[in-house]
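Q: My questions all concern the structure below.
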Amino acid sequence: MTASSTNSASVRVDAAVVRAIAAHAGEAGALLPILHDIQDTLGWLPPEVTPAVAHALNLSKAEVRGVISFYHDFRTAPPGRAVVKVCRAEACQARGSDALVAHAEAHLGVGMHHTRADGAVTLEPVYCLGNCALGPNVTVNGELAGRVSPARFDALVASVTKEGA
Ligand code: FES
C-alpha cells in the first residue's frame with residue numbers, strides 16, 4: 001500500500017466515523033447504531049474506529065472494544081470480495097440450515113466467521129432474514145435466496161468461487 005492510498009483509506013475511515021457519529025448525535029444507546037453505520041460504509045471496523053467512537057461518546061476504548069468483540073456481526077478484518085450468509089435461526093434450522101452450513105463450509109473451503117485465504121469470500125451466519133417459510137435462506141452480497149439446497153447453493157456462489165473472481 002502506498003503512502004497516498006494509506007492516506008486516502010484513513011480519510012475514508014475518518015469520514016465514515018464523523019458521519020455515523022453526527023447521524024446519532026444525542027441518541028441514547030448510540031454506540032451500536034454508530035458501529036453498524038460505520039461497518040455498512042466500510043465493510044468492517046478498522047482499529048482506528050475504536051478510539052474515535054470512544055472519544056465521541058465519552059466511553060473508554062475498552063468499552064467500545066468489548067462491544068465490538070461481543071457481537072459477531074461486527075467484523076474486525078476486511079471481508080472477502082463476496083459475503084455469503086446462511087441463516088441459522090430456528091425456522092431455517094428446522095428446514096436444514098445446519099446441513100447447508102456444513103455443505104457451505106466444505107464447498108467454499110472456509111469456516112463460519114472467516115474469509116477464504118484468497119480473499120474471494122467471507123462466510124457468516126445470520127439470524128433470520130424474514131423469509132422463514134422459504135428456508136433455508138442464504139444471502140450472497142445481500143441478495144436473498146430461499147429454499148436453498150446444496151446444489152442451489154453451489155449455483156448461487158459459482159461466480160464468487162471462480163478463480164480470480
Ligand atoms: S429463520 Fe431463517 S429467515 Fe427466518
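Following the order of the C-alpha cells, chains are lettered A, B, ..., residues in each are numbered from 1, and ligands are numbered from 1.
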Just want the 12 Å neighbourhood of Val13 in chain A, counted on only C-alpha atoms, with same-chain residues fewer than 3 positions away dropped. Output as a PyMOL selection string.
A: chain A and resi 6-10+16-20+37-50+52-53
Q: Counting only C-alpha atoms and all ligand atoms, which residues in chain A sit no more than 7 Å from ligand 1? For each one, give the nearest pair of atoms and the distance in Å, sorted by chain then residue number, as a Markdown table.
A:
| residue | atom | partner | partner_atom_place_in_ligand_line | distance |
| --- | --- | --- | --- | --- |
| A:Cys87 | CA | ligand 1 | 2 (Fe) | 4.8 |
| A:Arg88 | CA | ligand 1 | 2 (Fe) | 6.3 |
| A:Ala89 | CA | ligand 1 | 1 (S) | 4.2 |
| A:Glu90 | CA | ligand 1 | 1 (S) | 5.2 |
| A:Ala91 | CA | ligand 1 | 1 (S) | 4.1 |
| A:Cys92 | CA | ligand 1 | 2 (Fe) | 4.2 |
| A:Tyr127 | CA | ligand 1 | 2 (Fe) | 6.4 |
| A:Cys128 | CA | ligand 1 | 4 (Fe) | 3.6 |
| A:Leu129 | CA | ligand 1 | 3 (S) | 4.0 |
| A:Gly130 | CA | ligand 1 | 3 (S) | 4.6 |
| A:Asn131 | CA | ligand 1 | 3 (S) | 4.1 |
| A:Cys132 | CA | ligand 1 | 4 (Fe) | 3.6 |
| A:Gly135 | CA | ligand 1 | 2 (Fe) | 5.8 |
| A:Pro136 | CA | ligand 1 | 2 (Fe) | 6.2 |
| A:Asn137 | CA | ligand 1 | 2 (Fe) | 5.6 |
Q: Using only N, CA and C atoms, please write the residues we just selected to a file, as a PDB file, in the first residue's frame.
A:
ATOM      1  N   CYS A  87     -28.622 -18.449   6.994  1.00  0.00           N
ATOM      2  CA  CYS A  87     -29.476 -18.217   8.158  1.00  0.00           C
ATOM      3  C   CYS A  87     -29.414 -19.417   9.104  1.00  0.00           C
ATOM      4  N   ARG A  88     -29.152 -19.104  10.380  1.00  0.00           N
ATOM      5  CA  ARG A  88     -29.039 -20.166  11.379  1.00  0.00           C
ATOM      6  C   ARG A  88     -30.133 -20.056  12.430  1.00  0.00           C
ATOM      7  N   ALA A  89     -31.127 -19.240  12.191  1.00  0.00           N
ATOM      8  CA  ALA A  89     -32.212 -19.114  13.162  1.00  0.00           C
ATOM      9  C   ALA A  89     -33.129 -20.327  13.068  1.00  0.00           C
ATOM     10  N   GLU A  90     -34.046 -20.401  14.045  1.00  0.00           N
ATOM     11  CA  GLU A  90     -34.807 -21.630  14.291  1.00  0.00           C
ATOM     12  C   GLU A  90     -35.546 -22.180  13.064  1.00  0.00           C
ATOM     13  N   ALA A  91     -36.291 -21.322  12.383  1.00  0.00           N
ATOM     14  CA  ALA A  91     -37.108 -21.822  11.273  1.00  0.00           C
ATOM     15  C   ALA A  91     -36.223 -22.381  10.163  1.00  0.00           C
ATOM     16  N   CYS A  92     -35.116 -21.720   9.888  1.00  0.00           N
ATOM     17  CA  CYS A  92     -34.214 -22.234   8.849  1.00  0.00           C
ATOM     18  C   CYS A  92     -33.506 -23.491   9.328  1.00  0.00           C
ATOM     19  N   TYR A 127     -29.118 -14.320  11.535  1.00  0.00           N
ATOM     20  CA  TYR A 127     -30.190 -14.859  12.380  1.00  0.00           C
ATOM     21  C   TYR A 127     -31.528 -14.239  11.996  1.00  0.00           C
ATOM     22  N   CYS A 128     -32.157 -14.859  11.033  1.00  0.00           N
ATOM     23  CA  CYS A 128     -33.463 -14.543  10.453  1.00  0.00           C
ATOM     24  C   CYS A 128     -33.385 -13.396   9.456  1.00  0.00           C
ATOM     25  N   LEU A 129     -33.839 -13.727   8.266  1.00  0.00           N
ATOM     26  CA  LEU A 129     -33.874 -12.769   7.163  1.00  0.00           C
ATOM     27  C   LEU A 129     -35.308 -12.403   6.820  1.00  0.00           C
ATOM     28  N   GLY A 130     -36.248 -12.841   7.686  1.00  0.00           N
ATOM     29  CA  GLY A 130     -37.656 -12.513   7.457  1.00  0.00           C
ATOM     30  C   GLY A 130     -38.276 -13.307   6.325  1.00  0.00           C
ATOM     31  N   ASN A 131     -37.687 -14.435   5.992  1.00  0.00           N
ATOM     32  CA  ASN A 131     -38.182 -15.256   4.876  1.00  0.00           C
ATOM     33  C   ASN A 131     -38.338 -16.700   5.348  1.00  0.00           C
ATOM     34  N   CYS A 132     -38.782 -16.825   6.623  1.00  0.00           N
ATOM     35  CA  CYS A 132     -38.729 -18.110   7.337  1.00  0.00           C
ATOM     36  C   CYS A 132     -39.446 -19.236   6.609  1.00  0.00           C
ATOM     37  N   GLY A 135     -37.228 -21.252   4.016  1.00  0.00           N
ATOM     38  CA  GLY A 135     -35.886 -21.645   4.397  1.00  0.00           C
ATOM     39  C   GLY A 135     -35.469 -22.965   3.778  1.00  0.00           C
ATOM     40  N   PRO A 136     -34.211 -23.330   3.849  1.00  0.00           N
ATOM     41  CA  PRO A 136     -33.159 -22.492   4.421  1.00  0.00           C
ATOM     42  C   PRO A 136     -32.794 -21.326   3.495  1.00  0.00           C
ATOM     43  N   ASN A 137     -32.498 -20.192   4.138  1.00  0.00           N
ATOM     44  CA  ASN A 137     -32.227 -18.962   3.386  1.00  0.00           C
ATOM     45  C   ASN A 137     -30.745 -18.587   3.421  1.00  0.00           C
TER      46      ASN A 137
END
Q: List every residue of range 96-137 of chain A that DSSP, applied to the backbone, labels as alpha helix (DSSP H), and write the result as JSON, numbers by chain.
A: {"A": [97, 98, 99, 100, 101, 102, 103, 104, 105, 106, 107, 108]}
Q: Using only C-alpha atoms for the distances, tell me which of A:Gly26, A:Gly119, A:Gly142, A:Pro150 is nearest to His103 in chain A.
A: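 Looking at the shortest contact to His103 in chain A, the residue is A:Pro150.
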Q: Quick one: distance from CA of Val148 in chain A to CA of Asp118 in chain A in Å, one decimal?
A: 25.0 Å
Q: Of the residues A:Val157, A:Ala99, A:Ile34, A:Leu57, which is the one nearest to Lys85 in chain A, using only C-alpha atoms?
A: A:Val157
Q: Contacts of Val83 in chain A at 9 Å or less, counting only C-alpha atoms, minus same-chain residues fewer than 5 places along, as an mmCIF file with N, CA and C atoms, in the first residue's frame?
A:
data_model
loop_
_atom_site.group_PDB
_atom_site.id
_atom_site.type_symbol
_atom_site.label_atom_id
_atom_site.label_comp_id
_atom_site.auth_asym_id
_atom_site.auth_seq_id
_atom_site.Cartn_x
_atom_site.Cartn_y
_atom_site.Cartn_z
ATOM 1 N N THR A 115 -12.791 -15.601 6.368
ATOM 2 C CA THR A 115 -12.613 -15.225 4.968
ATOM 3 C C THR A 115 -11.599 -16.174 4.356
ATOM 4 N N ALA A 120 -11.598 -14.300 -1.665
ATOM 5 C CA ALA A 120 -12.771 -14.321 -2.549
ATOM 6 C C ALA A 120 -14.073 -14.239 -1.773
ATOM 7 N N VAL A 121 -14.128 -14.858 -0.609
ATOM 8 C CA VAL A 121 -15.431 -14.996 0.040
ATOM 9 C C VAL A 121 -15.297 -15.049 1.563
ATOM 10 N N THR A 122 -16.262 -14.409 2.205
ATOM 11 C CA THR A 122 -16.411 -14.491 3.657
ATOM 12 C C THR A 122 -17.716 -15.229 3.917
ATOM 13 N N LEU A 123 -17.682 -16.184 4.844
ATOM 14 C CA LEU A 123 -18.877 -16.953 5.186
ATOM 15 C C LEU A 123 -19.320 -16.555 6.594
ATOM 16 N N GLU A 124 -20.581 -16.160 6.709
ATOM 17 C CA GLU A 124 -21.083 -15.693 8.011
ATOM 18 C C GLU A 124 -22.472 -16.259 8.277
ATOM 19 N N THR A 139 -27.957 -15.353 1.829
ATOM 20 C CA THR A 139 -27.731 -14.145 1.025
ATOM 21 C C THR A 139 -26.331 -14.221 0.441
ATOM 22 N N VAL A 140 -26.218 -13.744 -0.779
ATOM 23 C CA VAL A 140 -24.912 -13.594 -1.423
ATOM 24 C C VAL A 140 -24.798 -12.121 -1.784
ATOM 25 N N ASN A 141 -23.881 -11.439 -1.118
ATOM 26 C CA ASN A 141 -23.749 -9.984 -1.271
ATOM 27 C C ASN A 141 -25.092 -9.283 -1.106
ATOM 28 N N GLY A 142 -25.848 -9.735 -0.110
ATOM 29 C CA GLY A 142 -27.108 -9.070 0.229
ATOM 30 C C GLY A 142 -28.309 -9.538 -0.557
#
Q: What's the separation between CA of Asp14 in chain A and CA of Pro79 in chain A, in Å to one decimal place?
A: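 Spanning CA of Asp14 in chain A to CA of Pro79 in chain A is a straight-line distance of 19.2 Å.
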Q: Would you please extract all strand (DSSP E) residues from range 35-139 of chain A, as assigned by DSSP on the backbone, and give them as a count of residues only?
A: 16
Q: Let me make sure I understand: among A:Ala82, A:Ala28, A:Ile21, A:Val138, which one has the smallest atom-to-atom distance to Ala54 in chain A if we use only C-alpha atoms?
A: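 Closest to Ala54 in chain A, using only C-alpha atoms: A:Ile21.
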